[in-house]
file input26.txt (compact mmCIF, C-alpha atoms)
# COMPACT_ATOMS: atom_id res chain seq x y z
CA PRO A 1 18.78 -10.03 5.82
CA ALA A 2 20.03 -12.89 7.90
CA LEU A 3 23.77 -13.31 8.29
CA ASP A 4 25.61 -16.48 9.12
CA SER A 5 28.93 -16.42 10.98
CA SER A 6 30.92 -15.66 7.78
CA GLY A 7 28.68 -12.66 7.01
CA LEU A 8 29.06 -11.47 10.58
CA ALA A 9 32.83 -11.77 10.24
CA THR A 10 32.70 -9.64 7.09
CA HIS A 11 30.72 -6.96 8.95
CA ILE A 12 33.23 -7.01 11.80
CA ILE A 13 36.15 -6.62 9.37
CA MET A 14 34.37 -3.74 7.64
CA ALA A 15 33.61 -2.09 10.98
CA LYS A 16 37.26 -2.37 11.99
CA GLN A 17 38.41 -0.72 8.77
CA LEU A 18 35.77 1.99 8.89
CA GLY A 19 37.06 5.41 9.80
CA ARG A 20 40.76 4.64 10.12
CA SER A 21 41.62 7.71 8.09
CA ILE A 22 40.08 10.41 10.30
CA ASP A 23 42.43 13.37 10.58
CA TRP A 24 41.48 14.62 14.04
CA THR A 25 43.98 17.48 13.97
CA ALA A 26 42.65 18.91 10.72
CA LEU A 27 39.09 18.46 11.97
CA ALA A 28 39.90 20.30 15.22
CA GLN A 29 41.44 23.20 13.30
CA GLN A 30 38.21 23.67 11.36
CA LEU A 31 36.11 23.94 14.53
CA PRO A 32 35.81 26.90 16.86
CA ARG A 33 37.66 26.61 20.16
CA SER A 34 34.39 26.16 22.05
CA ALA A 35 33.62 22.93 20.15
CA ARG A 36 37.05 21.35 20.47
CA GLY A 37 36.23 19.85 23.88
CA ASP A 38 33.24 18.05 22.37
CA LEU A 39 35.45 16.82 19.54
CA ALA A 40 37.96 15.47 22.07
CA ALA A 41 35.16 13.60 23.87
CA LEU A 42 33.94 12.21 20.54
CA ARG A 43 37.49 11.14 19.67
CA ASN A 44 37.89 9.34 23.01
CA THR A 45 34.58 7.54 22.52
CA TYR A 46 35.56 6.64 18.97
CA LEU A 47 38.93 5.30 20.09
CA SER A 48 37.36 3.16 22.82
CA VAL A 49 34.87 1.69 20.35
CA GLN A 50 37.69 1.16 17.87
CA GLN A 51 39.72 -0.68 20.52
CA SER A 52 36.80 -2.94 21.38
CA LEU A 53 36.28 -3.69 17.69
CA THR A 54 39.96 -4.48 17.30
CA ALA A 55 39.76 -6.86 20.27
CA THR A 56 36.75 -8.64 18.76
CA PRO A 57 37.80 -11.78 16.86
CA GLU A 58 36.85 -11.97 13.20
CA LYS A 59 35.12 -15.31 13.76
CA PRO A 60 33.54 -16.42 17.00
CA ALA A 61 35.30 -19.23 18.83
CA PRO A 62 33.80 -22.57 17.78
CA VAL A 63 31.75 -24.41 20.36
CA ASP A 64 33.32 -27.68 21.48
CA TRP A 65 30.20 -29.84 21.33
CA ASP A 66 32.16 -33.06 22.03
CA SER A 67 33.30 -31.61 25.34
CA TYR A 68 29.69 -30.89 26.28
CA LYS A 69 28.62 -34.39 25.22
CA ALA A 70 31.30 -35.86 27.47
CA LYS A 71 30.17 -33.80 30.46
CA VAL A 72 26.36 -33.94 30.04
CA THR A 73 24.58 -37.23 30.59
CA SER A 74 21.83 -36.48 28.06
CA THR A 75 23.65 -36.25 24.73
CA SER A 76 20.35 -35.80 22.92
CA TYR A 77 19.93 -32.50 24.76
CA VAL A 78 23.39 -31.39 23.57
CA ASP A 79 22.43 -32.41 20.02
CA HIS A 80 19.22 -30.40 20.37
CA LEU A 81 21.21 -27.32 21.53
CA LYS A 82 23.71 -27.80 18.68
CA LYS A 83 20.85 -27.93 16.18
CA GLN A 84 19.36 -24.71 17.61
CA TYR A 85 22.78 -23.01 17.68
CA ASP A 86 23.43 -23.89 14.03
CA ALA A 87 20.01 -22.54 13.05
CA LEU A 88 20.69 -19.24 14.80
CA LYS A 89 20.90 -16.27 12.44
CA PHE A 90 21.71 -12.67 13.28
CA GLU A 91 19.23 -10.21 11.85
CA PHE A 92 20.64 -6.85 10.91
CA PRO A 93 18.22 -4.02 10.26
CA ALA A 94 17.65 -3.06 6.65
CA ASP A 95 19.47 0.06 5.53
CA THR A 96 16.68 2.58 5.04
CA LEU A 97 18.61 5.79 5.67
CA SER A 98 21.61 5.67 3.32
CA ALA A 99 19.66 6.89 0.29
CA GLU A 100 18.10 9.72 2.29
CA ILE A 101 21.48 10.72 3.72
CA ALA A 102 23.07 10.66 0.26
CA GLN A 103 20.27 12.83 -1.10
CA LYS A 104 20.63 15.33 1.75
CA GLU A 105 24.38 15.37 1.19
CA LYS A 106 23.87 16.21 -2.50
CA GLU A 107 21.39 18.95 -1.61
CA THR A 108 23.72 20.39 1.01
CA LEU A 109 26.69 20.35 -1.35
CA ALA A 110 24.61 22.05 -4.05
CA ALA A 111 23.44 24.71 -1.59
CA ALA A 112 26.99 25.19 -0.33
CA SER A 113 28.39 25.62 -3.84
CA LYS A 114 25.58 28.08 -4.66
CA GLU A 115 26.34 30.02 -1.49
CA ALA A 116 30.07 29.96 -2.26
CA ALA A 117 29.39 31.37 -5.74
CA ALA A 118 27.25 34.14 -4.22
CA VAL A 119 29.98 34.95 -1.69
CA ASP A 120 32.59 35.06 -4.48
CA ALA A 121 30.40 37.41 -6.53
CA ASN A 122 29.85 39.62 -3.49
CA ALA A 123 33.60 39.66 -2.76
CA LYS A 124 34.33 40.72 -6.34
CA ALA A 125 31.73 43.51 -6.13
CA LEU A 126 33.18 44.72 -2.84
CA ALA A 127 36.71 44.57 -4.27
CA SER A 128 35.65 46.74 -7.22
CA GLN A 129 33.98 49.22 -4.84
CA LEU A 130 37.12 49.31 -2.73
CA ALA A 131 39.23 49.89 -5.83
CA SER A 132 37.02 52.82 -6.84
CA VAL A 133 37.32 54.30 -3.33
CA HIS A 134 41.11 53.98 -3.49
CA ALA A 135 41.10 55.58 -6.97
CA GLU A 136 39.37 58.73 -5.71
CA LYS A 137 41.40 61.77 -4.82
CA ALA A 138 42.05 62.50 -1.18
CA LEU A 139 39.29 64.60 0.38
CA ASP A 140 41.71 67.34 1.46
CA THR A 141 42.78 67.93 -2.17
CA VAL A 142 39.51 67.48 -4.07
CA THR A 143 37.07 70.27 -4.90
CA VAL A 144 33.29 69.96 -4.72
CA LYS A 145 33.10 70.19 -8.52
CA ASP A 146 35.63 67.33 -8.92
CA PHE A 147 33.82 65.27 -6.30
CA LEU A 148 30.41 65.67 -7.95
CA GLU A 149 31.70 64.85 -11.46
CA ASP A 150 31.78 61.14 -10.56
CA LYS A 151 28.38 61.29 -8.86
CA PRO A 152 25.82 62.86 -11.21
CA GLU A 153 22.86 61.67 -9.12
CA TRP A 154 24.21 63.54 -6.10
CA LYS A 155 24.80 66.64 -8.24
CA LYS A 156 21.15 66.61 -9.39
CA GLU A 157 19.93 66.15 -5.82
CA PHE A 158 22.08 69.03 -4.56
CA ASP A 159 21.00 71.27 -7.47
CA THR A 160 17.30 70.63 -6.75
CA GLU A 161 17.78 71.37 -3.05
CA ILE A 162 19.66 74.59 -3.82
CA SER A 163 17.03 75.76 -6.32
CA GLN A 164 14.19 75.40 -3.82

call {"tool": "encode", "arguments": {"input": "input26.txt", "output": "structure tokens"}}
result
Amino acid sequence: PALDSSGLATHIIMAKQLGRSIDWTALAQQLPRSARGDLAALRNTYLSVQQSLTATPEKPAPVDWDSYKAKVTSTSYVDHLKKQYDALKFEFPADTLSAEIAQKEKETLAAASKEAAAVDANAKALASQLASVHAEKALDTVTVKDFLEDKPEWKKEFDTEISQ
């Protein structure tokens, strides 16, 4: 869609406000040490772009057409340039990726929550196994009979090996 100067000003304001709430410290803590240098480079690039956006005026400076008419002998040429300047529109590309990105984000979040549930279930299973190991008697005080009482499948296997 074409944007006139007021639409361009709105985009500039939005761009200036975009990303002001990035917590770089928290982001760095979530990354491994090897990636922190890349994050610092990204932060420096971001800050330089942010500074240039801040320096950009919200509305472009108006053209002083009367000054040009006073300096140029052919005022019709200045009128022609003014007409072309006023007809100028800035074309911004259509947003074709936001829907795809949103869909991938939903899929990733769903996969992450599914993986988190699987990890939680595995942690609970491992915790119960650890609890059963801690509940067993110490090996220096337990007899073979006591040890095999909790493991009937091992007892059968040992009995079949002994009987052969």

call {"tool": "closest_residue", "arguments": {"input": "input26.txt", "among": "A:Leu97, A:Ala40, A:Ala121, A:Leu88", "to": "Trp24 in chain A", "atoms": "all atoms listed in the file"}}
result
A:Ala40

call {"tool": "closest_residue", "arguments": {"input": "input26.txt", "among": "A:Tyr68, A:Pro62, A:Thr108, A:Lys155", "to": "Asp86 in chain A", "atoms": "all atoms listed in the file"}}
result
A:Pro62

call {"tool": "atom_distance", "arguments": {"input": "input26.txt", "atom1": "CA of Ala26 in chain A", "atom2": "CA of Asp38 in chain A"}}
result
15.0 Å

call {"tool": "residues_around", "arguments": {"input": "input26.txt", "residues": "Val78 in chain A", "least_positions_apart": "4", "cutoff": "7 Å", "atoms": "all atoms listed in the file", "output": "list in words"}}
result
Tyr68, Lys69, Ser74 and Lys82 of chain A

call {"tool": "axis_aligned_box", "arguments": {"input": "input26.txt", "around": "range 27-36 of chain A", "padding_each_side": "3 Å", "output": "AutoDock Vina command-line options"}}
result
--center_x 37.5 --center_y 22.7 --center_z 16.7 --size_x 13.8 --size_y 14.4 --size_z 16.7

call {"tool": "atom_distance", "arguments": {"input": "input26.txt", "atom1": "CA of Leu31 in chain A", "atom2": "CA of Glu105 in chain A"}}
result
19.7 Å

call {"tool": "atom_distance", "arguments": {"input": "input26.txt", "atom1": "CA of Asp159 in chain A", "atom2": "CA of Ser128 in chain A"}}
result
28.6 Å

call {"tool": "build_atoms", "arguments": {"input": "input26.txt", "residues": "range 100-111 of chain A", "atoms": "all heavy atoms", "output": "short mmCIF file (atom, residue, chain, number, x, y, z; two decimals), keeping the file's coordinate frame"}}
result
data_model
loop_
_atom_site.label_atom_id
_atom_site.label_comp_id
_atom_site.auth_asym_id
_atom_site.auth_seq_id
_atom_site.Cartn_x
_atom_site.Cartn_y
_atom_site.Cartn_z
N GLU A 100 18.54 8.41 1.81
CA GLU A 100 18.10 9.72 2.29
C GLU A 100 19.31 10.59 2.67
O GLU A 100 19.36 11.77 2.35
CB GLU A 100 17.19 9.55 3.50
CG GLU A 100 16.65 10.83 4.07
CD GLU A 100 15.77 10.60 5.28
OE1 GLU A 100 15.27 9.47 5.47
OE2 GLU A 100 15.58 11.56 6.04
N ILE A 101 20.28 9.99 3.33
CA ILE A 101 21.48 10.72 3.72
C ILE A 101 22.26 11.17 2.48
O ILE A 101 22.74 12.30 2.41
CB ILE A 101 22.37 9.86 4.65
CG1 ILE A 101 21.67 9.68 6.00
CG2 ILE A 101 23.74 10.47 4.84
CD1 ILE A 101 22.33 8.67 6.90
N ALA A 102 22.38 10.30 1.49
CA ALA A 102 23.07 10.66 0.26
C ALA A 102 22.37 11.80 -0.46
O ALA A 102 23.01 12.73 -0.98
CB ALA A 102 23.19 9.45 -0.66
N GLN A 103 21.03 11.76 -0.48
CA GLN A 103 20.27 12.83 -1.10
C GLN A 103 20.47 14.16 -0.36
O GLN A 103 20.68 15.20 -0.98
CB GLN A 103 18.77 12.47 -1.14
CG GLN A 103 17.90 13.51 -1.78
CD GLN A 103 18.23 13.77 -3.23
OE1 GLN A 103 18.69 12.89 -3.94
NE2 GLN A 103 18.02 14.98 -3.69
N LYS A 104 20.41 14.10 0.97
CA LYS A 104 20.63 15.33 1.75
C LYS A 104 22.05 15.85 1.57
O LYS A 104 22.25 17.06 1.54
CB LYS A 104 20.36 15.06 3.24
CG LYS A 104 18.89 14.96 3.57
CD LYS A 104 18.66 14.80 5.05
CE LYS A 104 17.18 14.70 5.35
NZ LYS A 104 16.93 14.54 6.78
N GLU A 105 23.00 14.95 1.43
CA GLU A 105 24.38 15.37 1.19
C GLU A 105 24.49 16.09 -0.14
O GLU A 105 25.13 17.15 -0.25
CB GLU A 105 25.32 14.16 1.22
CG GLU A 105 26.77 14.53 0.98
CD GLU A 105 27.69 13.33 0.91
OE1 GLU A 105 27.20 12.19 0.73
OE2 GLU A 105 28.90 13.53 1.02
N LYS A 106 23.85 15.55 -1.19
CA LYS A 106 23.87 16.21 -2.50
C LYS A 106 23.23 17.59 -2.43
O LYS A 106 23.75 18.56 -2.98
CB LYS A 106 23.14 15.35 -3.54
CG LYS A 106 23.91 14.13 -3.98
CD LYS A 106 23.11 13.34 -5.00
CE LYS A 106 23.81 12.03 -5.36
NZ LYS A 106 23.01 11.23 -6.29
N GLU A 107 22.08 17.67 -1.74
CA GLU A 107 21.39 18.95 -1.61
C GLU A 107 22.24 19.96 -0.85
O GLU A 107 22.32 21.13 -1.23
CB GLU A 107 20.05 18.75 -0.91
CG GLU A 107 19.02 17.98 -1.71
CD GLU A 107 17.79 17.62 -0.91
OE1 GLU A 107 17.70 17.98 0.29
OE2 GLU A 107 16.90 16.95 -1.48
N THR A 108 22.88 19.50 0.21
CA THR A 108 23.72 20.39 1.01
C THR A 108 24.92 20.86 0.22
O THR A 108 25.29 22.04 0.28
CB THR A 108 24.17 19.66 2.30
OG1 THR A 108 23.01 19.21 3.00
CG2 THR A 108 24.98 20.57 3.19
N LEU A 109 25.54 19.95 -0.53
CA LEU A 109 26.69 20.35 -1.35
C LEU A 109 26.28 21.34 -2.44
O LEU A 109 27.01 22.29 -2.73
CB LEU A 109 27.36 19.12 -1.97
CG LEU A 109 28.13 18.23 -0.99
CD1 LEU A 109 28.61 16.97 -1.71
CD2 LEU A 109 29.29 18.98 -0.39
N ALA A 110 25.10 21.12 -3.03
CA ALA A 110 24.61 22.05 -4.05
C ALA A 110 24.35 23.43 -3.43
O ALA A 110 24.72 24.46 -4.02
CB ALA A 110 23.35 21.50 -4.71
N ALA A 111 23.71 23.44 -2.26
CA ALA A 111 23.44 24.71 -1.59
C ALA A 111 24.73 25.39 -1.18
O ALA A 111 24.85 26.62 -1.30
CB ALA A 111 22.56 24.47 -0.37
#
